[in-house]
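Enquirer: Structure file structure_8.tsv, TSV, C-alpha atoms, is pasted below:
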```tsv
chain	number	residue	atom	x	y	z
A	1	MET	CA	19.09	14.76	-9.40
A	2	LYS	CA	21.75	12.53	-10.84
A	3	GLU	CA	20.87	10.46	-13.87
A	4	LEU	CA	19.12	7.28	-12.75
A	5	LEU	CA	20.65	4.35	-14.52
A	6	LYS	CA	19.06	0.96	-14.09
A	7	ASN	CA	22.32	-0.79	-13.25
A	8	SER	CA	23.92	1.93	-11.13
A	9	VAL	CA	24.80	1.26	-7.51
A	10	GLU	CA	22.63	4.14	-6.24
A	11	SER	CA	19.61	3.00	-8.23
A	12	SER	CA	20.08	-0.61	-7.22
A	13	GLU	CA	20.28	0.42	-3.55
A	14	LEU	CA	17.11	2.51	-3.84
A	15	VAL	CA	15.23	-0.35	-5.50
A	16	GLU	CA	16.46	-3.02	-3.10
A	17	GLN	CA	15.95	-0.94	0.05
A	18	THR	CA	12.44	0.05	-1.00
A	19	PHE	CA	11.38	-3.51	-1.74
A	20	GLU	CA	13.13	-4.75	1.40
A	21	PHE	CA	11.03	-2.33	3.44
A	22	TRP	CA	7.68	-2.96	1.76
A	23	PHE	CA	8.02	-6.75	1.44
A	24	ASN	CA	8.61	-7.21	5.18
A	25	ASN	CA	6.55	-6.53	8.26
A	26	HIS	CA	7.64	-3.85	10.72
A	27	GLU	CA	6.44	-2.73	14.11
A	28	HIS	CA	4.25	0.04	12.68
A	29	ILE	CA	3.21	-1.51	9.34
A	30	ARG	CA	2.69	-4.88	7.72
A	31	SER	CA	3.52	-5.58	4.12
A	32	PRO	CA	0.41	-5.06	1.99
A	33	PHE	CA	1.82	-7.12	-0.90
A	34	PRO	CA	0.88	-10.81	-1.20
A	35	ASP	CA	3.80	-13.15	-1.84
A	36	TYR	CA	2.45	-14.32	-5.20
A	37	ILE	CA	2.75	-10.87	-6.83
A	38	ARG	CA	6.18	-9.91	-5.48
A	39	PRO	CA	8.46	-11.16	-8.31
A	40	GLU	CA	6.27	-9.63	-11.03
A	41	LEU	CA	5.70	-6.47	-8.99
A	42	LYS	CA	9.42	-5.99	-8.53
A	43	ARG	CA	10.10	-6.45	-12.25
A	44	LYS	CA	7.23	-4.30	-13.54
A	45	ALA	CA	7.58	-1.48	-11.02
A	46	THR	CA	11.34	-1.26	-11.53
A	47	ASP	CA	10.90	-1.10	-15.31
A	48	LEU	CA	8.20	1.58	-15.02
A	49	PHE	CA	10.33	3.58	-12.60
A	50	PHE	CA	13.28	3.67	-14.96
A	51	GLN	CA	11.02	4.52	-17.90
A	52	TRP	CA	9.65	7.40	-15.86
A	53	SER	CA	13.15	8.62	-14.93
A	54	CYS	CA	14.37	8.43	-18.54
A	55	ASN	CA	11.44	10.55	-19.71
A	56	LEU	CA	11.99	13.37	-17.23
A	57	LYS	CA	12.86	16.67	-18.83
A	58	ASP	CA	16.17	18.23	-17.76
A	59	GLU	CA	14.38	21.01	-15.86
A	60	ALA	CA	12.41	18.44	-13.85
A	61	LYS	CA	15.58	16.45	-13.13
A	62	ASP	CA	17.20	19.59	-11.71
A	63	GLU	CA	14.26	20.09	-9.32
A	64	MET	CA	14.09	16.47	-8.09
A	65	ASN	CA	15.72	15.39	-4.85
A	66	ASP	CA	16.25	11.91	-3.38
A	67	GLU	CA	13.06	12.06	-1.31
A	68	MET	CA	10.94	12.97	-4.35
A	69	VAL	CA	12.49	10.15	-6.36
A	70	ALA	CA	11.83	7.64	-3.57
A	71	GLU	CA	8.21	8.82	-3.25
A	72	LYS	CA	7.67	8.42	-6.99
A	73	PHE	CA	9.11	4.91	-6.88
A	74	GLU	CA	6.76	3.95	-4.04
A	75	GLU	CA	3.83	5.46	-5.95
A	76	ILE	CA	4.70	3.31	-8.98
A	77	ILE	CA	5.02	0.20	-6.79
A	78	PHE	CA	1.59	0.71	-5.22
A	79	GLU	CA	-0.13	1.56	-8.53
A	80	THR	CA	1.41	-1.49	-10.19
A	81	ALA	CA	0.47	-3.79	-7.32
A	82	THR	CA	-3.23	-2.89	-7.47
A	83	SER	CA	-3.39	-4.30	-11.00
A	84	LEU	CA	-1.63	-7.56	-10.03
A	85	VAL	CA	-3.75	-8.74	-7.09
A	86	LYS	CA	-6.71	-11.06	-7.48
A	87	THR	CA	-9.10	-9.92	-4.75
A	88	GLU	CA	-10.71	-6.71	-3.55
A	89	GLU	CA	-9.41	-7.48	-0.04
A	90	GLU	CA	-5.82	-7.52	-1.34
A	91	ARG	CA	-6.43	-4.30	-3.28
A	92	LEU	CA	-7.75	-2.59	-0.12
A	93	SER	CA	-4.63	-3.66	1.80
A	94	ILE	CA	-2.46	-2.05	-0.88
A	95	LEU	CA	-4.51	1.14	-1.07
A	96	TYR	CA	-4.69	1.50	2.73
A	97	PRO	CA	-1.74	-0.40	4.23
A	98	PHE	CA	-2.08	1.20	7.66
A	99	LEU	CA	-5.75	0.29	8.24
A	100	PRO	CA	-7.04	-2.88	9.92
A	101	ARG	CA	-7.46	-5.98	7.73
A	102	VAL	CA	-9.65	-9.05	7.69
A	103	GLY	CA	-8.49	-11.24	10.57
A	104	ASP	CA	-7.39	-8.30	12.71
A	105	GLN	CA	-9.12	-7.67	16.00
A	106	LEU	CA	-11.06	-4.57	17.07
A	107	LYS	CA	-12.97	-3.84	20.24
A	108	ASN	CA	-16.62	-2.81	20.23
A	109	GLU	CA	-18.00	0.18	22.13
A	110	ILE	CA	-17.94	-1.73	25.43
A	111	GLY	CA	-14.43	-3.09	24.91
A	112	GLU	CA	-15.24	-6.65	23.82
A	113	PRO	CA	-12.91	-8.08	21.16
A	114	GLY	CA	-14.13	-8.84	17.67
A	115	ASP	CA	-12.41	-10.29	14.62
A	116	ILE	CA	-12.77	-8.40	11.34
A	117	THR	CA	-14.58	-10.73	8.93
A	118	ASP	CA	-15.24	-8.32	6.05
A	119	ARG	CA	-14.41	-4.80	4.92
A	120	TRP	CA	-15.44	-2.55	2.06
A	121	MET	CA	-15.27	1.06	0.91
A	122	LYS	CA	-18.33	3.28	0.78
A	123	ARG	CA	-18.71	6.92	-0.26
A	124	GLU	CA	-20.91	9.05	1.98
A	125	GLY	CA	-21.35	12.60	0.72
A	126	ASP	CA	-17.89	14.04	0.06
A	127	HIS	CA	-16.09	11.43	2.17
A	128	ASN	CA	-14.93	7.86	1.67
A	129	PHE	CA	-15.15	5.37	4.50
A	130	MET	CA	-13.88	1.88	5.07
A	131	TRP	CA	-16.58	-0.18	6.71
A	132	VAL	CA	-15.72	-3.34	8.59
A	133	THR	CA	-17.82	-6.19	9.92
A	134	CYS	CA	-16.57	-7.74	13.14
A	135	GLU	CA	-17.63	-10.89	14.91
A	136	ASN	CA	-17.55	-10.75	18.68
A	137	SER	CA	-14.98	-13.29	19.82
A	138	LEU	CA	-17.11	-14.25	22.85
A	139	THR	CA	-20.75	-14.07	21.71
A	140	LYS	CA	-20.27	-14.49	17.92
A	141	GLU	CA	-22.54	-11.45	17.47
A	142	LYS	CA	-21.65	-9.32	14.40
A	143	TRP	CA	-21.29	-5.54	14.41
A	144	ASN	CA	-20.10	-2.87	11.94
A	145	THR	CA	-17.94	0.20	12.30
A	146	SER	CA	-16.23	2.57	9.88
A	147	PHE	CA	-13.09	4.66	9.40
A	148	GLU	CA	-12.91	7.79	7.31
A	149	LEU	CA	-10.35	7.25	4.56
A	150	PRO	CA	-7.59	9.75	3.79
A	151	VAL	CA	-7.93	11.64	0.54
```
Show me, as structure tokens, the structure contained in the file I just sent.
Expert:
Amino acid sequence: MKELLKNSVESSELVEQTFEFWFNNHEHIRSPFPDYIRPELKRKATDLFFQWSCNLKDEAKDEMNDEMVAEKFEEIIFETATSLVKTEEERLSILYPFLPRVGDQLKNEIGEPGDITDRWMKREGDHNFMWVTCENSLTKEKWNTSFELPV
């Protein structure tokens, strides 16, 4: 791994491309980061990333590749963001950006649409689940379902 310098072209490209991806919606994923945290998130995460890179031992630098560096930067972004948001709902979106969110629509067991009105995490035995409450769009009846969360 080359030395990561805060003002280098390569580092600037990595930082900008990563934030460009995560701050925008895409076909397969929506940005989990609320607008109000983005400026502070960008500043804090970038600073922490360069602190981390400066503290790497030479042996570790030799073993790092671009993919590992990018993954570490994303890890820092997500960890930093969880401390900046104001609500549990926002924190859940950051922790699980690929899962359904409040306002999304799911279908019940007979295929009727329902809007997610609430969600929460619950541990059951050795597994964590995200539970959601949905309100049937037609009857206004509420129902719950769950998703097992990745480790």
Enquirer: Between atom CA of A:Phe98 and atom CA of A:Ile29, what is the distance in Å, rounded to a tenth?
Expert: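 Separating atom CA of A:Phe98 from atom CA of A:Ile29 is a distance of 6.2 Å.
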Enquirer: Report as lines of an AutoDock Vina configuration file the centre and the edge lengths, in Å to one decimal, of the axis-aligned box holding every listed atom of stretch 32-49 of chain A, padded by 5 Å on each side.
Expert:
```
center_x = 5.9
center_y = -5.4
center_z = -6.7
size_x = 20.9
size_y = 27.9
size_z = 27.3
```
Enquirer: What's around stretch 79-82 of chain A at 8 Å? Count all atoms listed in the file, leave out sequence neighbours fewer than 6 positions away in its own chain, and write the answer as a ChimeraX atom specification.
Expert: /A:33,37,41,44-45,91,94-95
Enquirer: Step by step: start from the point (-13.0, -5.0, 13.9) in the file's coordinates, keep every protein, DNA or RNA residue that has an atom no farther than 9 Å from it, count only C-alpha atoms, and write the set as a PyMOL selection string.
Expert: chain A and resi 100-108+113-118+132-136+143-145
Enquirer: Find the distance between atom CA of A:Ser137 and atom CA of A:Lys86 and write it in Å to one decimal.
Expert: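 The value is 28.6 Å.
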Enquirer: Compare A:Val85, A:Ile77, A:Glu67, A:Asn55 by their minimum atom-to-atom distance to A:Phe19, counting all atoms listed in the file, and give me the closest one.
Expert: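 Nearest candidate to A:Phe19 out of A:Val85, A:Ile77, A:Glu67, A:Asn55: A:Ile77.
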Enquirer: Using only C-alpha atoms, pick whichever of A:Glu63, A:Asp35, A:Glu40, A:Glu74 has the shortest atom-to-atom distance to A:Gln17.
Expert: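 Counting only C-alpha atoms, the residue closest to A:Gln17 is A:Glu74.
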Enquirer: Report, in Å with one decimal, the straight-line distance from atom CA of A:Ile76 to atom CA of A:Phe147.
Expert: 25.6 Å
Enquirer: Considering only C-alpha atoms, return as a list in words whatever protein or nucleic-acid residues lie within 7 Å of A:Asn128, sequence-local ones (same chain, fewer than 4 positions apart) excluded.
Expert: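 The filter keeps Met121, Lys122, Arg123, Glu124, Glu148 and Leu149 of chain A.
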Enquirer: My list of candidates is A:Glu141, A:Glu109, A:Arg43, A:Pro34. Which is closest to A:Glu90 when distances are computed with only C-alpha atoms?
Expert: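 Among A:Glu141, A:Glu109, A:Arg43, A:Pro34, it is A:Pro34 that comes nearest to A:Glu90.
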Enquirer: Which residues are close to A:Thr18, i.e. within 12 Å by only C-alpha atoms, leaving aside same-chain residues fewer than 5 positions away? Reply as a list in words.
Expert: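 Here the answer would be Ser11, Ser12, Glu13, Phe23, Asn24, Ser31, Lys42, Ala45, Thr46, Val69, Ala70, Glu71, Lys72, Phe73, Glu74, Glu75, Ile76, Ile77 and Phe78 of chain A.
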Enquirer: Deliver the residues from the most recent selection as a file, using C-alpha atoms, as a PDB file, in the frame of the given file.
Expert:
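Saved the output as selection_17.pdb:
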```pdb
ATOM      1  CA  SER A  11      19.610   3.000  -8.230  1.00  0.00           C
ATOM      2  CA  SER A  12      20.080  -0.610  -7.220  1.00  0.00           C
ATOM      3  CA  GLU A  13      20.280   0.420  -3.550  1.00  0.00           C
ATOM      4  CA  PHE A  23       8.020  -6.750   1.440  1.00  0.00           C
ATOM      5  CA  ASN A  24       8.610  -7.210   5.180  1.00  0.00           C
ATOM      6  CA  SER A  31       3.520  -5.580   4.120  1.00  0.00           C
ATOM      7  CA  LYS A  42       9.420  -5.990  -8.530  1.00  0.00           C
ATOM      8  CA  ALA A  45       7.580  -1.480 -11.020  1.00  0.00           C
ATOM      9  CA  THR A  46      11.340  -1.260 -11.530  1.00  0.00           C
ATOM     10  CA  VAL A  69      12.490  10.150  -6.360  1.00  0.00           C
ATOM     11  CA  ALA A  70      11.830   7.640  -3.570  1.00  0.00           C
ATOM     12  CA  GLU A  71       8.210   8.820  -3.250  1.00  0.00           C
ATOM     13  CA  LYS A  72       7.670   8.420  -6.990  1.00  0.00           C
ATOM     14  CA  PHE A  73       9.110   4.910  -6.880  1.00  0.00           C
ATOM     15  CA  GLU A  74       6.760   3.950  -4.040  1.00  0.00           C
ATOM     16  CA  GLU A  75       3.830   5.460  -5.950  1.00  0.00           C
ATOM     17  CA  ILE A  76       4.700   3.310  -8.980  1.00  0.00           C
ATOM     18  CA  ILE A  77       5.020   0.200  -6.790  1.00  0.00           C
ATOM     19  CA  PHE A  78       1.590   0.710  -5.220  1.00  0.00           C
TER      20      PHE A  78
END
```
Enquirer: Out of A:Arg119, A:Lys142, A:Glu59, A:Met64, which residue has the shortest atom-to-atom distance to A:Leu92 when counting all atoms listed in the file?
Expert: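 Comparing A:Arg119, A:Lys142, A:Glu59, A:Met64 against A:Leu92, the winner is A:Arg119.
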Enquirer: Of the candidates A:Tyr96, A:Trp131, A:Phe49, A:Phe21, which shows the shortest atom-to-atom distance to A:Pro150, using only C-alpha atoms?
Expert: A:Tyr96
